[in-house]
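Asker: Just passing along the structure, written as structure tokens.
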Number of protein chains: 2
Amino acid sequence: MKSIRTLIKEKPWVGWLLFVATVIVVFLLGLLASEITERRAEAVYVNKPKVEISDYEPRNEVWGANYPKQFQSYMKTRDTSFRSKYNGSAFIDELEEDPRLVILWAGYGFSKEYNQGRGHYYAIKDIREILRTGAPIGERESPMPNTCWTCKSPDVPRVMNEVGVAEFYKGSWEERGHQIVNPIGCADCHNPETMNLRITRPALIEAFQRQGKDVKNASHQEMRTLVCAQCHVEYYFKGEGKYLTFPWDNGTKPEEIEAYYDETGFYDWIHPISKAPMLKAQHPGYEVFTTGIHYDRGVSCADCHMPYHSEGGQKFTNHHMQSPLNNISESCQVCHRQSEEKLLQNVYNKQKSVRETRFKLEDALVKAHIEAGEAWDAGATEKEMKPILTAIRHAQWRWDYAAAGHGNSFHSALELSRTMASGLDAVQEARLLLARILTKYGVEQPVTMPDISTKAKAQEYVGWNMEKLNRQKEKFLEEVVPQWVEKAAQREKEWGVDRL
Amino acid sequence: MKSIRTLIKEKPWVGWLLFVATVIVVFLLGLLASEITERRAEAVYVNKPKVEISDYEPRNEVWGANYPKQFQSYMKTRDTSFRSKYNGSAFIDELEEDPRLVILWAGYGFSKEYNQGRGHYYAIKDIREILRTGAPIGERESPMPNTCWTCKSPDVPRVMNEVGVAEFYKGSWEERGHQIVNPIGCADCHNPETMNLRITRPALIEAFQRQGKDVKNASHQEMRTLVCAQCHVEYYFKGEGKYLTFPWDNGTKPEEIEAYYDETGFYDWIHPISKAPMLKAQHPGYEVFTTGIHYDRGVSCADCHMPYHSEGGQKFTNHHMQSPLNNISESCQVCHRQSEEKLLQNVYNKQKSVRETRFKLEDALVKAHIEAGEAWDAGATEKEMKPILTAIRHAQWRWDYAAAGHGNSFHSALELSRTMASGLDAVQEARLLLARILTKYGVEQPVTMPDISTKAKAQEYVGWNMEKLNRQKEKFLEEVVPQWVEKAAQREKEWGVDRL
């Protein structure tokens, strides 16, 4: 075979060809080098702060100037299309979906309106619009205390810092309406100087303290769960001052929290039909999650609800907190090698199994309330009714503990199934006692059940004047809320934004 | 530095040292080569059959001559020390452990004696010794039919081949006592010519056929589950001929099998206290396993209960079928990277959760049987009692479906929890109806419950003369069984062993 040197000597164009090819390759290498340098520069550029963020800055868009990727992904919590994808509805009205809930919560705000949760972005809008907060205009107060704002906004730590924690909780909900206007966001979980995760809500810190633990000792991975546990937990408003308190002193299992409430004699409301002293579970997501296998394996909330995402050569924590089912490839599939379809099916199977027991328990609870009402009407005594009311209280608490949290039936399906089976046992024992009492007082059985086939019928049965409640709310939204918004805008305008 | 050549010229002993070192290294290399050759030879040697195995060879030790590793590991099913390690007892008497079972199975063999299962090696010994098979001597027949032998021995396919399947099942249990003597073993699952897995029991093949499936299409991995599913399933003895049948025509979920039994009007026995037409679940291990996550992920029974093991350079399937908890490193840890301690704790937590609901259901079932007995005594009518007895039948079936299988509460904890919650709901509905009837007939409530704090007290309450049953069994074991053994030994001696 000829050498290249000989070849070039014989055919000079081969030499030119090699020369041109070399020029092209070198040019492309130059382009690649430039691309790499540019990406590096972008990374440096992005990490250079543009504004100075103060310790209690509640405006997410101010933080967003320095952290655009995190802020822009956070803003995706506006998107509610995932729900319509799977549920065929943009906004599930839980009471319409399951009117039994209206009976279970009769006499309590939740039977007025209860909707499927949605993104953090809507926290302020939704708390203003929901019927549960009432329509405080003029002399009329909200049925809720200021404590109710605690989880809704990064304005909360700001105002707490100004007025003190105990003082913050006191008074009626409308009093702080003009102060709390920015939806859940950056300042709730981040230290503005180091961007480290931090706990801003006293209730979690205090609950840890009462258990002899210091939340400051938590690792970063633990903090990726604990910042969520500031709010996604069971809590109650303690005493006259409505002091926000986590009922964890005996532990976080449903029976342990129940025992805590029993010992302190606490109840959220007296059920108007059965007269049972009821407990309303909030959303014990953290408590349930910590009994499940993902927590056991060291997985944090953020690992699945805020998985890492890459954009423009940069990896960052996606602040579009959402159901991992809407982002299986970046959440579940980081560890699990099954197909999206298979993983979805696994989750739905768990939910289906838990829901079956849940509905059995709901049916029995509805009957128990109404049978208890009949027993009172027929002349049953306090003494006769006491064990029944306690059993109803416990059974509904266990039901609510299981039903109220978001994602519970995935986070720890077996624990929920166990919890609701124990609730089922308790409520059926109550109904056994009721059967004897009803027979004793000559009430024919089975007791006739009301028609609660729709939310409207159920709400009429429990005595709500929905038309009036809705009208009042509308007026409140038209007349009061704009004043709050105006006052807040004025305040924030005065602060300015310290752009560097 | 000096060259080696110069060094040797100056100090001749260095040369000798190098020479000796070389000799040693070469010798060791020779040893290594010999070791490799020997291992290869061993592999060839082991795979060379020493005896010709006929198609229906029931003697495991004959197969063992050709497959010593598999046979020797199978023989470890004699070992019961694992149970004492975890339970502190070599042999759990389930009725002593939980005397409620005596009430649930009153009038049925299981309330006489029910022990924790143990290794395949004991299959024949245990079926002879258990009180459930009675003490057939002379004119007295066993309460069980020959069908009862079906899962106990590789003598079964041999005799079925001789007399036909339907004929095999007919007649009283003692008739085939001399034919069925070798415990569950090789021929039950293996083709002696190819050693491929095979299904030898007609009931599984027929159940698949009725569902329009052919078990012959199963992959090897599926067969590693299906050979177990020949026996570790729910079945019943159908009709006069006591034909072994899997009740899978509607599906294998508890409600589907229940519907099958309801449609055919089948019952195992009439409960002597409540008069309910009862179902006894056998051991629906396969049915429950197929609802769990391990099956969903393609894991077979053998993967965990017979994991691969290495001995003498050979990898083979360990035929010491046992709880994976006794061999976590070779079973669970092949896939799971957690510590033994952690994995054990995960399993125990599941069991604990399921057991809690199980015990609630048992308590309610005991009460329901006894309350139903009181209702009959007080004069309740057939019509009044019918829905109650159906509910008791269903509730106890669901309890038994969950409780009877080995390892169920690990294999599919959530499904069991759901199943037992539905049982709890059913039995409590029965008790509600009972409460009304009892009140109607003037029976004071709560009904007084008998003292069933021990197995002896419970057995006395349900009317068993245990002393007599035990005496009869002893006599049977002394007088009848030795004749069976003698007859079988004679037969096998005539066969000889075709050693090559």
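Order determines the names: the first chain of the structure tokens is A, the second B, and so forth; residues in each chain are numbered 1 upward, and ligands are numbered 1 upward as they are shown.
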Distance cut-off 7 Å, counting only C-alpha atoms - which residues of chain A neighbour chain B? Return them as a ChimeraX atom specification.
Answerer: /A:353,357,413-414,417-418,421-422,424-425,428,432,435-436,439
Asker: Write the residues of the selection above to a file with N, CA and C atoms, as a PDB file, in the first residue's frame.
Answerer:
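Printed below is selection.pdb as written:
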```pdb
ATOM      1  N   SER A 353     -58.040  -0.231  47.344  1.00  0.00           N
ATOM      2  CA  SER A 353     -58.193  -1.123  48.487  1.00  0.00           C
ATOM      3  C   SER A 353     -58.558  -0.333  49.751  1.00  0.00           C
ATOM      4  N   THR A 357     -62.581   0.101  52.337  1.00  0.00           N
ATOM      5  CA  THR A 357     -62.839   0.089  53.781  1.00  0.00           C
ATOM      6  C   THR A 357     -63.328   1.460  54.239  1.00  0.00           C
ATOM      7  N   ALA A 413     -50.544   2.641  52.969  1.00  0.00           N
ATOM      8  CA  ALA A 413     -51.847   2.018  52.740  1.00  0.00           C
ATOM      9  C   ALA A 413     -52.223   1.046  53.859  1.00  0.00           C
ATOM     10  N   LEU A 414     -51.284   0.233  54.286  1.00  0.00           N
ATOM     11  CA  LEU A 414     -51.600  -0.789  55.283  1.00  0.00           C
ATOM     12  C   LEU A 414     -51.982  -0.147  56.613  1.00  0.00           C
ATOM     13  N   SER A 417     -55.430   1.151  56.325  1.00  0.00           N
ATOM     14  CA  SER A 417     -56.399   0.060  56.304  1.00  0.00           C
ATOM     15  C   SER A 417     -56.634  -0.439  57.737  1.00  0.00           C
ATOM     16  N   ARG A 418     -55.541  -0.597  58.464  1.00  0.00           N
ATOM     17  CA  ARG A 418     -55.641  -0.999  59.867  1.00  0.00           C
ATOM     18  C   ARG A 418     -56.432   0.030  60.670  1.00  0.00           C
ATOM     19  N   ALA A 421     -60.089  -0.121  59.794  1.00  0.00           N
ATOM     20  CA  ALA A 421     -60.723  -1.343  60.320  1.00  0.00           C
ATOM     21  C   ALA A 421     -61.015  -1.165  61.802  1.00  0.00           C
ATOM     22  N   SER A 422     -60.100  -0.520  62.523  1.00  0.00           N
ATOM     23  CA  SER A 422     -60.335  -0.321  63.960  1.00  0.00           C
ATOM     24  C   SER A 422     -61.476   0.674  64.167  1.00  0.00           C
ATOM     25  N   LEU A 424     -63.992   0.972  62.087  1.00  0.00           N
ATOM     26  CA  LEU A 424     -65.185   0.198  61.733  1.00  0.00           C
ATOM     27  C   LEU A 424     -65.649  -0.632  62.923  1.00  0.00           C
ATOM     28  N   ASP A 425     -64.696  -1.237  63.589  1.00  0.00           N
ATOM     29  CA  ASP A 425     -65.025  -2.037  64.768  1.00  0.00           C
ATOM     30  C   ASP A 425     -65.672  -1.152  65.834  1.00  0.00           C
ATOM     31  N   GLN A 428     -69.235   0.052  64.840  1.00  0.00           N
ATOM     32  CA  GLN A 428     -70.227  -1.020  64.857  1.00  0.00           C
ATOM     33  C   GLN A 428     -70.554  -1.438  66.290  1.00  0.00           C
ATOM     34  N   LEU A 432     -74.232  -1.458  67.926  1.00  0.00           N
ATOM     35  CA  LEU A 432     -74.790  -2.585  68.688  1.00  0.00           C
ATOM     36  C   LEU A 432     -75.487  -2.078  69.945  1.00  0.00           C
ATOM     37  N   ALA A 435     -78.627  -0.368  68.984  1.00  0.00           N
ATOM     38  CA  ALA A 435     -79.722  -1.289  68.625  1.00  0.00           C
ATOM     39  C   ALA A 435     -80.490  -1.704  69.875  1.00  0.00           C
ATOM     40  N   ARG A 436     -79.736  -1.952  70.959  1.00  0.00           N
ATOM     41  CA  ARG A 436     -80.403  -2.350  72.219  1.00  0.00           C
ATOM     42  C   ARG A 436     -81.224  -1.193  72.791  1.00  0.00           C
ATOM     43  N   THR A 439     -84.341  -0.474  70.675  1.00  0.00           N
ATOM     44  CA  THR A 439     -85.371  -1.483  70.936  1.00  0.00           C
ATOM     45  C   THR A 439     -86.028  -1.223  72.289  1.00  0.00           C
TER      46      THR A 439
END
```
Asker: Tell me which protein, DNA and RNA residues are within 10 Å of Arg78 of chain B, counting only C-alpha atoms, leaving out same-chain ones fewer than 5 positions away, and put them as a PDB file with all heavy atoms, in the first residue's frame.
Answerer:
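And here's part-v5.pdb as it stands now:
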```
ATOM      1  N   SER B  73     -30.394 -31.041  50.397  1.00  0.00           N
ATOM      2  CA  SER B  73     -31.001 -29.791  50.870  1.00  0.00           C
ATOM      3  C   SER B  73     -32.485 -30.011  51.184  1.00  0.00           C
ATOM      4  O   SER B  73     -32.998 -29.484  52.166  1.00  0.00           O
ATOM      5  CB  SER B  73     -30.796 -28.654  49.856  1.00  0.00           C
ATOM      6  OG  SER B  73     -31.351 -28.955  48.595  1.00  0.00           O
ATOM      7  N   ARG B 118     -45.172 -27.454  59.194  1.00  0.00           N
ATOM      8  CA  ARG B 118     -43.710 -27.623  59.164  1.00  0.00           C
ATOM      9  C   ARG B 118     -43.300 -28.275  57.846  1.00  0.00           C
ATOM     10  O   ARG B 118     -44.122 -28.486  56.967  1.00  0.00           O
ATOM     11  CB  ARG B 118     -43.219 -28.376  60.391  1.00  0.00           C
ATOM     12  CG  ARG B 118     -43.863 -29.717  60.637  1.00  0.00           C
ATOM     13  CD  ARG B 118     -43.212 -30.380  61.845  1.00  0.00           C
ATOM     14  NE  ARG B 118     -43.879 -31.664  62.136  1.00  0.00           N
ATOM     15  CZ  ARG B 118     -43.387 -32.559  62.953  1.00  0.00           C
ATOM     16  NH1 ARG B 118     -42.249 -32.337  63.578  1.00  0.00           N
ATOM     17  NH2 ARG B 118     -44.033 -33.699  63.169  1.00  0.00           N
ATOM     18  N   GLY B 119     -42.031 -28.615  57.734  1.00  0.00           N
ATOM     19  CA  GLY B 119     -41.439 -29.008  56.451  1.00  0.00           C
ATOM     20  C   GLY B 119     -42.132 -30.148  55.710  1.00  0.00           C
ATOM     21  O   GLY B 119     -42.792 -31.004  56.302  1.00  0.00           O
ATOM     22  N   HIS B 120     -41.932 -30.162  54.373  1.00  0.00           N
ATOM     23  CA  HIS B 120     -42.479 -31.213  53.511  1.00  0.00           C
ATOM     24  C   HIS B 120     -42.112 -32.615  54.001  1.00  0.00           C
ATOM     25  O   HIS B 120     -42.878 -33.557  53.829  1.00  0.00           O
ATOM     26  CB  HIS B 120     -41.952 -31.024  52.089  1.00  0.00           C
ATOM     27  CG  HIS B 120     -42.626 -29.904  51.348  1.00  0.00           C
ATOM     28  ND1 HIS B 120     -42.201 -29.473  50.119  1.00  0.00           N
ATOM     29  CD2 HIS B 120     -43.702 -29.145  51.655  1.00  0.00           C
ATOM     30  CE1 HIS B 120     -42.983 -28.488  49.696  1.00  0.00           C
ATOM     31  NE2 HIS B 120     -43.889 -28.257  50.617  1.00  0.00           N
ATOM     32  N   TYR B 121     -40.940 -32.735  54.594  1.00  0.00           N
ATOM     33  CA  TYR B 121     -40.469 -34.040  55.071  1.00  0.00           C
ATOM     34  C   TYR B 121     -41.478 -34.697  56.010  1.00  0.00           C
ATOM     35  O   TYR B 121     -41.578 -35.914  56.081  1.00  0.00           O
ATOM     36  CB  TYR B 121     -39.129 -33.849  55.795  1.00  0.00           C
ATOM     37  CG  TYR B 121     -38.608 -35.100  56.454  1.00  0.00           C
ATOM     38  CD1 TYR B 121     -37.900 -36.058  55.736  1.00  0.00           C
ATOM     39  CD2 TYR B 121     -38.845 -35.329  57.818  1.00  0.00           C
ATOM     40  CE1 TYR B 121     -37.430 -37.214  56.340  1.00  0.00           C
ATOM     41  CE2 TYR B 121     -38.373 -36.486  58.434  1.00  0.00           C
ATOM     42  CZ  TYR B 121     -37.671 -37.419  57.683  1.00  0.00           C
ATOM     43  OH  TYR B 121     -37.216 -38.559  58.284  1.00  0.00           O
ATOM     44  N   TYR B 122     -42.254 -33.860  56.730  1.00  0.00           N
ATOM     45  CA  TYR B 122     -43.168 -34.397  57.749  1.00  0.00           C
ATOM     46  C   TYR B 122     -44.582 -34.647  57.225  1.00  0.00           C
ATOM     47  O   TYR B 122     -45.484 -34.961  58.003  1.00  0.00           O
ATOM     48  CB  TYR B 122     -43.256 -33.428  58.934  1.00  0.00           C
ATOM     49  CG  TYR B 122     -41.961 -33.292  59.702  1.00  0.00           C
ATOM     50  CD1 TYR B 122     -41.131 -32.201  59.514  1.00  0.00           C
ATOM     51  CD2 TYR B 122     -41.573 -34.271  60.616  1.00  0.00           C
ATOM     52  CE1 TYR B 122     -39.940 -32.072  60.211  1.00  0.00           C
ATOM     53  CE2 TYR B 122     -40.390 -34.154  61.315  1.00  0.00           C
ATOM     54  CZ  TYR B 122     -39.574 -33.052  61.117  1.00  0.00           C
ATOM     55  OH  TYR B 122     -38.405 -32.948  61.810  1.00  0.00           O
ATOM     56  N   HIS B 320     -34.252 -26.847  50.347  1.00  0.00           N
ATOM     57  CA  HIS B 320     -34.695 -26.669  51.738  1.00  0.00           C
ATOM     58  C   HIS B 320     -35.752 -25.565  51.737  1.00  0.00           C
ATOM     59  O   HIS B 320     -35.479 -24.435  52.135  1.00  0.00           O
ATOM     60  CB  HIS B 320     -33.499 -26.300  52.614  1.00  0.00           C
ATOM     61  CG  HIS B 320     -33.865 -26.134  54.068  1.00  0.00           C
ATOM     62  ND1 HIS B 320     -33.031 -25.544  54.987  1.00  0.00           N
ATOM     63  CD2 HIS B 320     -34.975 -26.491  54.765  1.00  0.00           C
ATOM     64  CE1 HIS B 320     -33.612 -25.523  56.175  1.00  0.00           C
ATOM     65  NE2 HIS B 320     -34.796 -26.091  56.063  1.00  0.00           N
TER      66      HIS B 320
END
```
Asker: List as a PyMOL selection string the protein and nucleic acid residues near Gly109 of chain A, meaning an atom at most 9 Å away when only C-alpha atoms are counted, but skip any in the same chain fewer than 3 places from it.
Answerer: chain A and resi 105-106+112-114+131-134+143
Asker: Would you put the residues from that selection into a file with N, CA, C and O atoms, as a PDB file, in the first residue's frame?
Answerer:
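Resulting contents of out07.pdb:
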```pdb
ATOM      1  N   TRP A 105     -69.842  15.743  59.068  1.00  0.00           N
ATOM      2  CA  TRP A 105     -69.366  17.043  59.565  1.00  0.00           C
ATOM      3  C   TRP A 105     -70.527  18.007  59.848  1.00  0.00           C
ATOM      4  O   TRP A 105     -70.293  19.241  59.924  1.00  0.00           O
ATOM      5  N   ALA A 106     -71.715  17.484  59.992  1.00  0.00           N
ATOM      6  CA  ALA A 106     -72.876  18.346  60.252  1.00  0.00           C
ATOM      7  C   ALA A 106     -72.562  19.307  61.400  1.00  0.00           C
ATOM      8  O   ALA A 106     -71.965  18.919  62.406  1.00  0.00           O
ATOM      9  N   LYS A 112     -70.038  22.763  54.939  1.00  0.00           N
ATOM     10  CA  LYS A 112     -70.480  23.836  54.048  1.00  0.00           C
ATOM     11  C   LYS A 112     -69.761  23.733  52.704  1.00  0.00           C
ATOM     12  O   LYS A 112     -70.375  23.833  51.650  1.00  0.00           O
ATOM     13  N   GLU A 113     -68.464  23.582  52.751  1.00  0.00           N
ATOM     14  CA  GLU A 113     -67.693  23.497  51.511  1.00  0.00           C
ATOM     15  C   GLU A 113     -66.383  22.775  51.800  1.00  0.00           C
ATOM     16  O   GLU A 113     -65.695  23.072  52.778  1.00  0.00           O
ATOM     17  N   TYR A 114     -66.048  21.854  50.912  1.00  0.00           N
ATOM     18  CA  TYR A 114     -64.796  21.100  51.058  1.00  0.00           C
ATOM     19  C   TYR A 114     -64.356  20.643  49.671  1.00  0.00           C
ATOM     20  O   TYR A 114     -65.033  19.842  49.046  1.00  0.00           O
ATOM     21  N   LEU A 131     -66.168  28.723  51.997  1.00  0.00           N
ATOM     22  CA  LEU A 131     -67.248  29.104  52.919  1.00  0.00           C
ATOM     23  C   LEU A 131     -66.874  28.904  54.385  1.00  0.00           C
ATOM     24  O   LEU A 131     -67.461  29.522  55.268  1.00  0.00           O
ATOM     25  N   ARG A 132     -65.865  28.042  54.629  1.00  0.00           N
ATOM     26  CA  ARG A 132     -65.519  27.730  56.018  1.00  0.00           C
ATOM     27  C   ARG A 132     -65.030  28.947  56.794  1.00  0.00           C
ATOM     28  O   ARG A 132     -65.172  29.016  58.010  1.00  0.00           O
ATOM     29  N   THR A 133     -64.433  29.924  56.087  1.00  0.00           N
ATOM     30  CA  THR A 133     -63.940  31.115  56.797  1.00  0.00           C
ATOM     31  C   THR A 133     -65.040  32.170  56.967  1.00  0.00           C
ATOM     32  O   THR A 133     -64.797  33.222  57.552  1.00  0.00           O
ATOM     33  N   GLY A 134     -66.214  31.871  56.422  1.00  0.00           N
ATOM     34  CA  GLY A 134     -67.336  32.779  56.612  1.00  0.00           C
ATOM     35  C   GLY A 134     -67.221  34.046  55.788  1.00  0.00           C
ATOM     36  O   GLY A 134     -66.419  34.126  54.844  1.00  0.00           O
ATOM     37  N   PRO A 143     -66.089  32.681  61.607  1.00  0.00           N
ATOM     38  CA  PRO A 143     -66.121  31.616  62.621  1.00  0.00           C
ATOM     39  C   PRO A 143     -64.718  31.107  62.960  1.00  0.00           C
ATOM     40  O   PRO A 143     -64.549  30.331  63.899  1.00  0.00           O
TER      41      PRO A 143
END
```
Asker: What does the distance from atom CA of Gly241 of chain B to atom CA of Ile130 of chain B come to in Å, to one decimal?
Answerer: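 Taking atom CA of Gly241 of chain B and atom CA of Ile130 of chain B, their separation equals 23.5 Å.
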Asker: Go ahead and compute the interatomic distance for atom CA of Lys275 of chain A and atom CA of Glu263 of chain A, in Å to one decimal.
Answerer: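 Those two atoms sit 19.3 Å apart.
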Asker: Using DSSP on the backbone, list every residue of segment 159-213 of chain B that comes out as alpha helix (DSSP H), and give them as a list in words.
Answerer: Val159, Met160, Asn161, Glu162, Val163, Val165, Ala166, Glu167, Phe168, Tyr169, Cys186, Ala187, Asp188, Cys189, Pro202, Ala203, Leu204, Ile205, Glu206, Ala207, Phe208, Gln209 and Arg210 of chain B
Asker: Name all residues at most 12 Å from Asn191 of chain A (count only C-alpha atoms; drop same-chain ones fewer than 2 positions away) and give them as a PyMOL selection string.
Answerer: chain A and resi 53-58+63+154+186-189+193-200+227
Asker: Just to confirm, what's the straight-line distance from atom CA of Cys332 of chain A to atom CA of Ser409 of chain A in Å (one decimal)?
Answerer: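 For atom CA of Cys332 of chain A relative to atom CA of Ser409 of chain A, the distance reads 16.3 Å.
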Asker: Do a least-squares overlay of chain B on chain A, C-alpha atoms all paired in order, then report the RMSD in Å.
Answerer: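 The C-alpha RMSD comes to 0.4 Å.
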Asker: Residues of segment 305-466 of chain A in strand (DSSP E or B) according to DSSP, as a PyMOL selection string?
Answerer: chain A and resi 308-311+314-317
Asker: Quick one: write out the picked residues with all heavy atoms as a CSV table (one decimal), in the first residue's frame?
Answerer:
```csv
chain,number,residue,atom,x,y,z
A,308,TYR,N,-35.3,16.5,41.5
A,308,TYR,CA,-34.3,17.3,40.7
A,308,TYR,C,-34.7,17.3,39.2
A,308,TYR,O,-35.3,16.4,38.7
A,308,TYR,CB,-32.9,16.7,40.9
A,308,TYR,CG,-32.4,16.9,42.3
A,308,TYR,CD1,-32.2,15.8,43.1
A,308,TYR,CD2,-32.2,18.1,42.8
A,308,TYR,CE1,-31.8,15.9,44.4
A,308,TYR,CE2,-31.8,18.3,44.1
A,308,TYR,CZ,-31.6,17.2,44.9
A,308,TYR,OH,-31.2,17.4,46.2
A,309,HIS,N,-34.4,18.5,38.6
A,309,HIS,CA,-34.7,18.7,37.2
A,309,HIS,C,-33.6,19.4,36.6
A,309,HIS,O,-32.9,20.2,37.3
A,309,HIS,CB,-36.0,19.5,37.2
A,309,HIS,CG,-36.5,19.8,35.8
A,309,HIS,ND1,-37.1,18.8,35.0
A,309,HIS,CD2,-36.6,21.0,35.1
A,309,HIS,CE1,-37.4,19.4,33.9
A,309,HIS,NE2,-37.1,20.7,33.9
A,310,SER,N,-33.3,19.2,35.3
A,310,SER,CA,-32.2,19.9,34.6
A,310,SER,C,-32.8,20.8,33.6
A,310,SER,O,-33.6,20.4,32.8
A,310,SER,CB,-31.3,18.8,34.0
A,310,SER,OG,-30.2,18.6,34.8
A,311,GLU,N,-32.2,22.0,33.6
A,311,GLU,CA,-32.5,23.0,32.5
A,311,GLU,C,-31.3,23.8,32.2
A,311,GLU,O,-30.6,24.2,33.1
A,311,GLU,CB,-33.6,23.9,33.0
A,311,GLU,CG,-35.0,23.6,32.6
A,311,GLU,CD,-36.0,24.6,33.2
A,311,GLU,OE1,-35.7,25.7,33.5
A,311,GLU,OE2,-37.2,24.2,33.3
A,314,GLN,N,-28.2,23.0,34.0
A,314,GLN,CA,-28.2,23.1,35.5
A,314,GLN,C,-29.2,22.2,36.1
A,314,GLN,O,-30.3,22.2,35.7
A,314,GLN,CB,-28.5,24.6,35.9
A,314,GLN,CG,-27.4,25.5,35.8
A,314,GLN,CD,-27.8,26.9,36.2
A,314,GLN,OE1,-28.6,27.0,37.1
A,314,GLN,NE2,-27.3,27.9,35.6
A,315,LYS,N,-28.8,21.6,37.2
A,315,LYS,CA,-29.7,20.7,38.0
A,315,LYS,C,-30.2,21.5,39.1
A,315,LYS,O,-29.4,22.1,39.8
A,315,LYS,CB,-28.9,19.5,38.5
A,315,LYS,CG,-29.7,18.4,39.2
A,315,LYS,CD,-28.8,17.3,39.6
A,315,LYS,CE,-29.1,16.8,41.0
A,315,LYS,NZ,-28.2,15.8,41.5
A,316,PHE,N,-31.5,21.5,39.3
A,316,PHE,CA,-32.1,22.2,40.5
A,316,PHE,C,-33.3,21.5,41.0
A,316,PHE,O,-33.9,20.6,40.3
A,316,PHE,CB,-32.4,23.7,40.1
A,316,PHE,CG,-33.5,23.8,39.1
A,316,PHE,CD1,-34.8,24.1,39.5
A,316,PHE,CD2,-33.3,23.6,37.8
A,316,PHE,CE1,-35.8,24.2,38.6
A,316,PHE,CE2,-34.3,23.7,36.8
A,316,PHE,CZ,-35.6,24.0,37.2
A,317,THR,N,-33.7,21.8,42.3
A,317,THR,CA,-34.9,21.2,42.9
A,317,THR,C,-36.1,21.9,42.3
A,317,THR,O,-36.3,23.1,42.3
A,317,THR,CB,-34.9,21.5,44.4
A,317,THR,OG1,-33.7,20.8,44.9
A,317,THR,CG2,-36.1,20.9,45.0
```
Asker: Return the single residue from B:Met306, B:Met321, B:Met278, B:Met449 that is closest to Tyr108 of chain B, with distances computed using only C-alpha atoms.
Answerer: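 Among the listed residues, the smallest separation from Tyr108 of chain B belongs to B:Met278.
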Asker: From the list A:Gly107, A:Gly298, A:Gly177, A:Pro277, which residue is nearest Ser219 of chain A when using only C-alpha atoms?
Answerer: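 So, comparing all the options, the nearest one is A:Gly298.
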Asker: List the spatial neighbours of Gly117 of chain A as a PyMOL selection string - criterion: any atom at most 9 Å away, only C-alpha atoms, same-chain residues fewer than 6 positions off excluded.
Answerer: chain A and resi 91-92+406
Asker: Give me the residues within 8 Å of Leu204 of chain A as a tab-separated table (two decimals) with C-alpha atoms, in the first residue's frame, counting only C-alpha atoms and dropping any in the same chain fewer than 5 places off.
Answerer:
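Below is the file selection_12.tsv, written as the result:
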```tsv
chain	number	residue	atom	x	y	z
A	199	ILE	CA	-38.38	25.92	60.21
A	229	ALA	CA	-44.25	18.92	58.32
A	230	GLN	CA	-44.67	22.53	59.48
A	246	PHE	CA	-49.50	19.60	67.41
```
Asker: Considering only C-alpha atoms, return as a VMD selection string whatever protein or nucleic-acid residues lie within 12 Å of Pro482 of chain A, sequence-local ones (same chain, fewer than 4 positions apart) excluded.
Answerer: chain A and resid 125 128 177 to 178 181 475 to 478 486 to 489
Asker: Between B:Glu61, B:Glu174, B:Glu10, B:Glu330, single out the one closest to Tyr74 of chain B, counting only C-alpha atoms.
Answerer: B:Glu61
